[in-house]
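> I am attaching a structure below and will ask some questions about it afterwards.
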Amino acid sequence: MNISGNTILITGGASGIGKALATRFLDRGNEVIVCGRREGMLNLLRSEHPPIQTIQCDVAGQSERETLVRQVMDKFPSLNVLVNNAGIQRRVDLNRTENWDDARAEIVINLEAPIHLSTLFQERFRPKPHAAIINVTSGLSFMPLANVPIYCATKAALHSFTLSLRWQ
């Protein structure tokens with residue numbers, strides 16, 4: 001991947017690792033688009049870094065992911081890099097019954113969304129010579145932390161998917 005001259009979409013890029021990636025990519029001469037759920041955080045990011053474009057979107061929803069792809073490709077046809085960064089990490093006590101909706105939400109954001117977005121964008125990226133898909137995982141993929149088991153499992157699965165995506 002070229003470090004500069006790209007048009008990059010970062011999911012979950014309004015704070016944390018995503019924000020750090022967004023500002024670094026911006027500093028390297030890239031056009032950066034950030035999508036996230038929280039409008040206030042997106043507005044703050046844009047006020048701190050006016051060249052960054054933002055889109056409010058919750059990648060937990062399949063239809064929102066599909067709309068995001070259409071919207072971004074229409075508005076930014078030069079898009080050639082996707083950074084799947086959005087994620088949830090929850091502490092879970094496996095000795096207690098928990099609400100499955102919470103576990104499912106973590107699985108959807110951490111695994112389903114990046115796999116789906118990767119497949120949706122890869123067909124659009126195929127003709128672009130310097131396109132890239134970056135999936136943010138974690139060292140916890142390899143050395144899981146017992147109190148965040150779903151996070152660790154989803155990041156390990158995403159790592160495995162990414163290796164297959166790269167190979168194919």
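Starting from 1 in every chain, residues are counted up; chains themselves are A, B, ... following the order of the structure tokens, and ligands are numbered from 1 as listed.
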Please give the complete set of residues from chain A that DSSP, run on the backbone, assigns to helix (DSSP H, G or I), formatted as an mmCIF file with C-alpha atoms, in the first residue's frame.


data_model
loop_
_atom_site.group_PDB
_atom_site.id
_atom_site.type_symbol
_atom_site.label_atom_id
_atom_site.label_comp_id
_atom_site.auth_asym_id
_atom_site.auth_seq_id
_atom_site.Cartn_x
_atom_site.Cartn_y
_atom_site.Cartn_z
ATOM 1 C CA GLY A 16 -9.188 6.077 19.789
ATOM 2 C CA ILE A 17 -7.129 4.082 17.302
ATOM 3 C CA GLY A 18 -9.359 5.143 14.407
ATOM 4 C CA LYS A 19 -8.846 8.829 15.123
ATOM 5 C CA ALA A 20 -5.090 8.319 15.421
ATOM 6 C CA LEU A 21 -5.072 6.516 12.067
ATOM 7 C CA ALA A 22 -7.207 9.238 10.485
ATOM 8 C CA THR A 23 -4.893 12.047 11.587
ATOM 9 C CA ARG A 24 -1.754 10.141 10.583
ATOM 10 C CA PHE A 25 -3.156 9.334 7.156
ATOM 11 C CA LEU A 26 -4.225 12.966 6.755
ATOM 12 C CA ASP A 27 -0.720 14.164 7.690
ATOM 13 C CA GLU A 39 -22.523 12.679 15.496
ATOM 14 C CA GLY A 40 -20.994 14.747 18.317
ATOM 15 C CA MET A 41 -17.680 12.892 18.061
ATOM 16 C CA LEU A 42 -17.682 13.268 14.271
ATOM 17 C CA ASN A 43 -18.336 17.015 14.606
ATOM 18 C CA LEU A 44 -15.492 17.325 17.103
ATOM 19 C CA LEU A 45 -13.127 15.456 14.784
ATOM 20 C CA ARG A 46 -14.100 17.688 11.861
ATOM 21 C CA SER A 47 -13.591 20.841 13.959
ATOM 22 C CA GLU A 48 -10.115 19.652 14.991
ATOM 23 C CA GLN A 62 -26.554 -4.474 7.084
ATOM 24 C CA SER A 63 -28.591 -1.891 5.193
ATOM 25 C CA GLU A 64 -26.482 0.945 6.665
ATOM 26 C CA ARG A 65 -23.321 -0.818 5.470
ATOM 27 C CA GLU A 66 -24.749 -1.207 1.981
ATOM 28 C CA THR A 67 -25.854 2.448 1.935
ATOM 29 C CA LEU A 68 -22.424 3.522 3.188
ATOM 30 C CA VAL A 69 -20.688 1.735 0.314
ATOM 31 C CA ARG A 70 -22.957 3.334 -2.303
ATOM 32 C CA GLN A 71 -22.730 6.770 -0.688
ATOM 33 C CA VAL A 72 -18.951 6.724 -0.342
ATOM 34 C CA MET A 73 -18.284 5.353 -3.814
ATOM 35 C CA ASP A 74 -20.632 7.954 -5.363
ATOM 36 C CA LYS A 75 -19.123 10.874 -3.460
ATOM 37 C CA TRP A 100 -27.518 -12.333 24.222
ATOM 38 C CA ASP A 101 -28.286 -9.054 22.415
ATOM 39 C CA ASP A 102 -25.159 -7.523 23.991
ATOM 40 C CA ALA A 103 -22.972 -10.430 22.887
ATOM 41 C CA ARG A 104 -24.502 -10.434 19.439
ATOM 42 C CA ALA A 105 -23.871 -6.683 19.046
ATOM 43 C CA GLU A 106 -20.187 -7.227 19.811
ATOM 44 C CA ILE A 107 -19.992 -10.048 17.255
ATOM 45 C CA VAL A 108 -21.768 -7.977 14.600
ATOM 46 C CA ILE A 109 -19.559 -4.898 15.017
ATOM 47 C CA ASN A 110 -16.268 -6.747 15.429
ATOM 48 C CA LEU A 111 -16.701 -9.531 12.869
ATOM 49 C CA GLU A 112 -19.811 -9.395 10.696
ATOM 50 C CA ALA A 113 -19.441 -5.729 9.729
ATOM 51 C CA PRO A 114 -15.788 -5.881 8.615
ATOM 52 C CA ILE A 115 -16.338 -9.110 6.674
ATOM 53 C CA HIS A 116 -19.389 -7.662 4.933
ATOM 54 C CA LEU A 117 -17.708 -4.324 4.188
ATOM 55 C CA SER A 118 -14.612 -6.116 2.891
ATOM 56 C CA THR A 119 -16.680 -8.147 0.458
ATOM 57 C CA LEU A 120 -18.697 -5.123 -0.653
ATOM 58 C CA PHE A 121 -15.630 -2.963 -1.271
ATOM 59 C CA GLN A 122 -13.320 -5.589 -2.749
ATOM 60 C CA GLU A 123 -15.328 -5.818 -5.957
ATOM 61 C CA ARG A 124 -15.056 -2.027 -6.354
ATOM 62 C CA PHE A 125 -11.360 -2.049 -5.477
ATOM 63 C CA GLY A 139 -2.740 -8.899 20.012
ATOM 64 C CA LEU A 140 -5.595 -10.400 22.008
ATOM 65 C CA SER A 141 -6.270 -12.517 18.900
ATOM 66 C CA PRO A 149 -13.714 -13.416 25.628
ATOM 67 C CA ILE A 150 -16.077 -12.343 22.851
ATOM 68 C CA TYR A 151 -13.805 -9.493 21.792
ATOM 69 C CA CYS A 152 -10.813 -11.844 21.667
ATOM 70 C CA ALA A 153 -12.738 -14.480 19.713
ATOM 71 C CA THR A 154 -14.034 -11.965 17.164
ATOM 72 C CA LYS A 155 -10.591 -10.437 16.646
ATOM 73 C CA ALA A 156 -9.056 -13.903 16.186
ATOM 74 C CA ALA A 157 -11.736 -14.734 13.627
ATOM 75 C CA LEU A 158 -11.188 -11.421 11.828
ATOM 76 C CA HIS A 159 -7.452 -12.112 11.714
ATOM 77 C CA SER A 160 -8.156 -15.490 10.115
ATOM 78 C CA PHE A 161 -10.561 -13.927 7.599
ATOM 79 C CA THR A 162 -7.964 -11.268 6.743
ATOM 80 C CA LEU A 163 -5.341 -13.914 5.989
ATOM 81 C CA SER A 164 -7.804 -15.647 3.639
ATOM 82 C CA LEU A 165 -8.751 -12.344 2.006
ATOM 83 C CA ARG A 166 -5.090 -11.555 1.422
ATOM 84 C CA TRP A 167 -4.399 -14.980 -0.021
#

> As a VMD selection string, which residues of stretch 4-120 of chain A does DSSP assign to strand (DSSP E)?

chain A and resid 7 to 11 31 to 36 53 to 56 81 to 84

> Which neighbours of A:Thr11 fall inside 10 Å, counting only C-alpha atoms, when residues of the same chain fewer than 3 positions from it are skipped, and could you give them as a tab-separated table (two decimals) with all heavy atoms, in the first residue's frame?


chain	number	residue	atom	x	y	z
A	8	ILE	N	-9.15	7.29	1.72
A	8	ILE	CA	-9.26	6.26	2.75
A	8	ILE	C	-10.55	6.43	3.55
A	8	ILE	O	-10.84	7.53	4.03
A	8	ILE	CB	-8.05	6.34	3.71
A	8	ILE	CG1	-6.75	6.18	2.93
A	8	ILE	CG2	-8.17	5.31	4.83
A	8	ILE	CD1	-5.50	6.46	3.75
A	14	ALA	N	-13.71	8.21	14.79
A	14	ALA	CA	-13.86	9.50	15.48
A	14	ALA	C	-13.12	9.55	16.81
A	14	ALA	O	-12.96	10.63	17.38
A	14	ALA	CB	-15.33	9.82	15.70
A	18	GLY	N	-8.86	4.63	15.69
A	18	GLY	CA	-9.36	5.14	14.41
A	18	GLY	C	-9.02	6.60	14.20
A	18	GLY	O	-8.62	7.01	13.10
A	19	LYS	N	-9.18	7.40	15.23
A	19	LYS	CA	-8.85	8.83	15.12
A	19	LYS	C	-7.35	9.01	14.90
A	19	LYS	O	-6.94	9.83	14.08
A	19	LYS	CB	-9.29	9.57	16.39
A	19	LYS	CG	-9.00	11.05	16.34
A	19	LYS	CD	-9.49	11.75	17.60
A	19	LYS	CE	-9.20	13.24	17.56
A	19	LYS	NZ	-9.69	13.90	18.79
A	22	ALA	N	-6.69	8.19	11.36
A	22	ALA	CA	-7.21	9.24	10.49
A	22	ALA	C	-6.26	10.43	10.42
A	22	ALA	O	-5.95	10.94	9.33
A	22	ALA	CB	-8.59	9.68	10.96
A	33	ILE	N	-11.88	9.90	4.98
A	33	ILE	CA	-13.30	9.91	5.30
A	33	ILE	C	-13.47	9.01	6.53
A	33	ILE	O	-12.96	7.89	6.56
A	33	ILE	CB	-14.16	9.35	4.15
A	33	ILE	CG1	-13.87	10.09	2.85
A	33	ILE	CG2	-15.64	9.41	4.49
A	33	ILE	CD1	-13.15	9.27	1.84
A	34	VAL	N	-14.17	9.52	7.53
A	34	VAL	CA	-14.40	8.76	8.75
A	34	VAL	C	-15.89	8.55	8.91
A	34	VAL	O	-16.68	9.48	8.76
A	34	VAL	CB	-13.84	9.53	9.98
A	34	VAL	CG1	-14.35	8.94	11.27
A	34	VAL	CG2	-12.32	9.54	9.95
A	35	CYS	N	-16.28	7.32	9.21
A	35	CYS	CA	-17.68	7.09	9.56
A	35	CYS	C	-17.73	6.61	11.00
A	35	CYS	O	-16.80	5.98	11.50
A	35	CYS	CB	-18.36	6.11	8.60
A	35	CYS	SG	-18.01	4.38	8.89
A	36	GLY	N	-18.82	6.99	11.65
A	36	GLY	CA	-19.01	6.60	13.04
A	36	GLY	C	-20.46	6.81	13.45
A	36	GLY	O	-21.24	7.44	12.73
A	37	ARG	N	-20.81	6.28	14.61
A	37	ARG	CA	-22.19	6.35	15.10
A	37	ARG	C	-22.52	7.68	15.76
A	37	ARG	O	-23.64	8.15	15.69
A	37	ARG	CB	-22.44	5.26	16.15
A	37	ARG	CG	-22.41	3.86	15.62
A	37	ARG	CD	-22.60	2.84	16.73
A	37	ARG	NE	-21.46	2.89	17.65
A	37	ARG	CZ	-21.55	2.86	18.97
A	37	ARG	NH1	-22.72	2.78	19.56
A	37	ARG	NH2	-20.47	2.90	19.72
A	55	ILE	N	-19.05	10.88	7.94
A	55	ILE	CA	-20.36	10.33	7.61
A	55	ILE	C	-20.88	9.62	8.85
A	55	ILE	O	-20.19	8.74	9.40
A	55	ILE	CB	-20.27	9.32	6.45
A	55	ILE	CG1	-19.73	9.98	5.18
A	55	ILE	CG2	-21.62	8.65	6.20
A	55	ILE	CD1	-19.41	9.01	4.06
A	56	GLN	N	-22.08	9.99	9.27
A	56	GLN	CA	-22.68	9.27	10.40
A	56	GLN	C	-23.27	7.97	9.87
A	56	GLN	O	-24.06	7.96	8.92
A	56	GLN	CB	-23.75	10.10	11.07
A	56	GLN	CG	-24.26	9.45	12.34
A	56	GLN	CD	-25.26	10.29	13.09
A	56	GLN	OE1	-25.74	11.30	12.60
A	56	GLN	NE2	-25.57	9.88	14.30
A	57	CYS	N	-22.86	6.87	10.49
A	57	CYS	CA	-23.29	5.55	10.05
A	57	CYS	C	-23.03	4.56	11.16
A	57	CYS	O	-22.00	4.61	11.82
A	57	CYS	CB	-22.49	5.15	8.80
A	57	CYS	SG	-22.77	3.45	8.27
A	58	ASP	N	-23.96	3.65	11.36
A	58	ASP	CA	-23.77	2.56	12.31
A	58	ASP	C	-23.54	1.29	11.51
A	58	ASP	O	-24.49	0.74	10.93
A	58	ASP	CB	-25.00	2.43	13.22
A	58	ASP	CG	-24.82	1.39	14.31
A	58	ASP	OD1	-23.80	0.67	14.30
A	58	ASP	OD2	-25.70	1.30	15.17
A	59	VAL	N	-22.31	0.82	11.46
A	59	VAL	CA	-21.99	-0.35	10.65
A	59	VAL	C	-22.57	-1.64	11.22
A	59	VAL	O	-22.40	-2.70	10.62
A	59	VAL	CB	-20.47	-0.48	10.39
A	59	VAL	CG1	-19.95	0.68	9.58
A	59	VAL	CG2	-19.69	-0.67	11.67
A	82	LEU	N	-9.91	0.86	2.52
A	82	LEU	CA	-10.90	0.69	3.58
A	82	LEU	C	-10.16	0.24	4.83
A	82	LEU	O	-9.38	-0.71	4.78
A	82	LEU	CB	-11.92	-0.38	3.20
A	82	LEU	CG	-12.83	-0.88	4.33
A	82	LEU	CD1	-13.75	0.23	4.85
A	82	LEU	CD2	-13.64	-2.08	3.86
A	83	VAL	N	-10.40	0.95	5.94
A	83	VAL	CA	-9.86	0.53	7.24
A	83	VAL	C	-11.05	0.15	8.12
A	83	VAL	O	-11.82	1.02	8.55
A	83	VAL	CB	-9.02	1.65	7.92
A	83	VAL	CG1	-8.52	1.17	9.27
A	83	VAL	CG2	-7.88	2.08	7.02
A	84	ASN	N	-11.23	-1.14	8.34
A	84	ASN	CA	-12.28	-1.64	9.22
A	84	ASN	C	-11.75	-1.56	10.65
A	84	ASN	O	-11.00	-2.42	11.10
A	84	ASN	CB	-12.63	-3.09	8.87
A	84	ASN	CG	-13.52	-3.19	7.66
A	84	ASN	OD1	-14.53	-2.52	7.57
A	84	ASN	ND2	-13.13	-4.04	6.73
A	85	ASN	N	-12.14	-0.49	11.33
A	85	ASN	CA	-11.63	-0.23	12.67
A	85	ASN	C	-12.71	-0.28	13.75
A	85	ASN	O	-12.40	-0.53	14.91
A	85	ASN	CB	-10.94	1.15	12.70
A	85	ASN	CG	-10.57	1.56	14.09
A	85	ASN	OD1	-9.66	1.01	14.70
A	85	ASN	ND2	-11.30	2.52	14.63
A	86	ALA	N	-13.96	-0.04	13.40
A	86	ALA	CA	-15.03	0.01	14.41
A	86	ALA	C	-15.01	-1.26	15.25
A	86	ALA	O	-14.84	-2.36	14.73
A	86	ALA	CB	-16.38	0.18	13.73
A	87	GLY	N	-15.18	-1.09	16.55
A	87	GLY	CA	-15.16	-2.26	17.42
A	87	GLY	C	-15.76	-1.99	18.78
A	87	GLY	O	-15.89	-0.84	19.21
A	113	ALA	N	-19.55	-6.98	10.48
A	113	ALA	CA	-19.44	-5.73	9.73
A	113	ALA	C	-18.16	-5.67	8.89
A	113	ALA	O	-18.22	-5.36	7.70
A	113	ALA	CB	-19.55	-4.53	10.67
A	114	PRO	N	-16.98	-5.96	9.46
A	114	PRO	CA	-15.79	-5.88	8.62
A	114	PRO	C	-15.75	-6.92	7.49
A	114	PRO	O	-15.26	-6.63	6.40
A	114	PRO	CB	-14.62	-6.06	9.58
A	114	PRO	CG	-15.18	-6.43	10.89
A	114	PRO	CD	-16.64	-6.15	10.88
A	117	LEU	N	-18.28	-5.49	4.87
A	117	LEU	CA	-17.71	-4.32	4.19
A	117	LEU	C	-16.54	-4.72	3.28
A	117	LEU	O	-16.41	-4.19	2.18
A	117	LEU	CB	-17.27	-3.27	5.21
A	117	LEU	CG	-18.40	-2.51	5.88
A	117	LEU	CD1	-17.88	-1.69	7.05
A	117	LEU	CD2	-19.14	-1.62	4.87
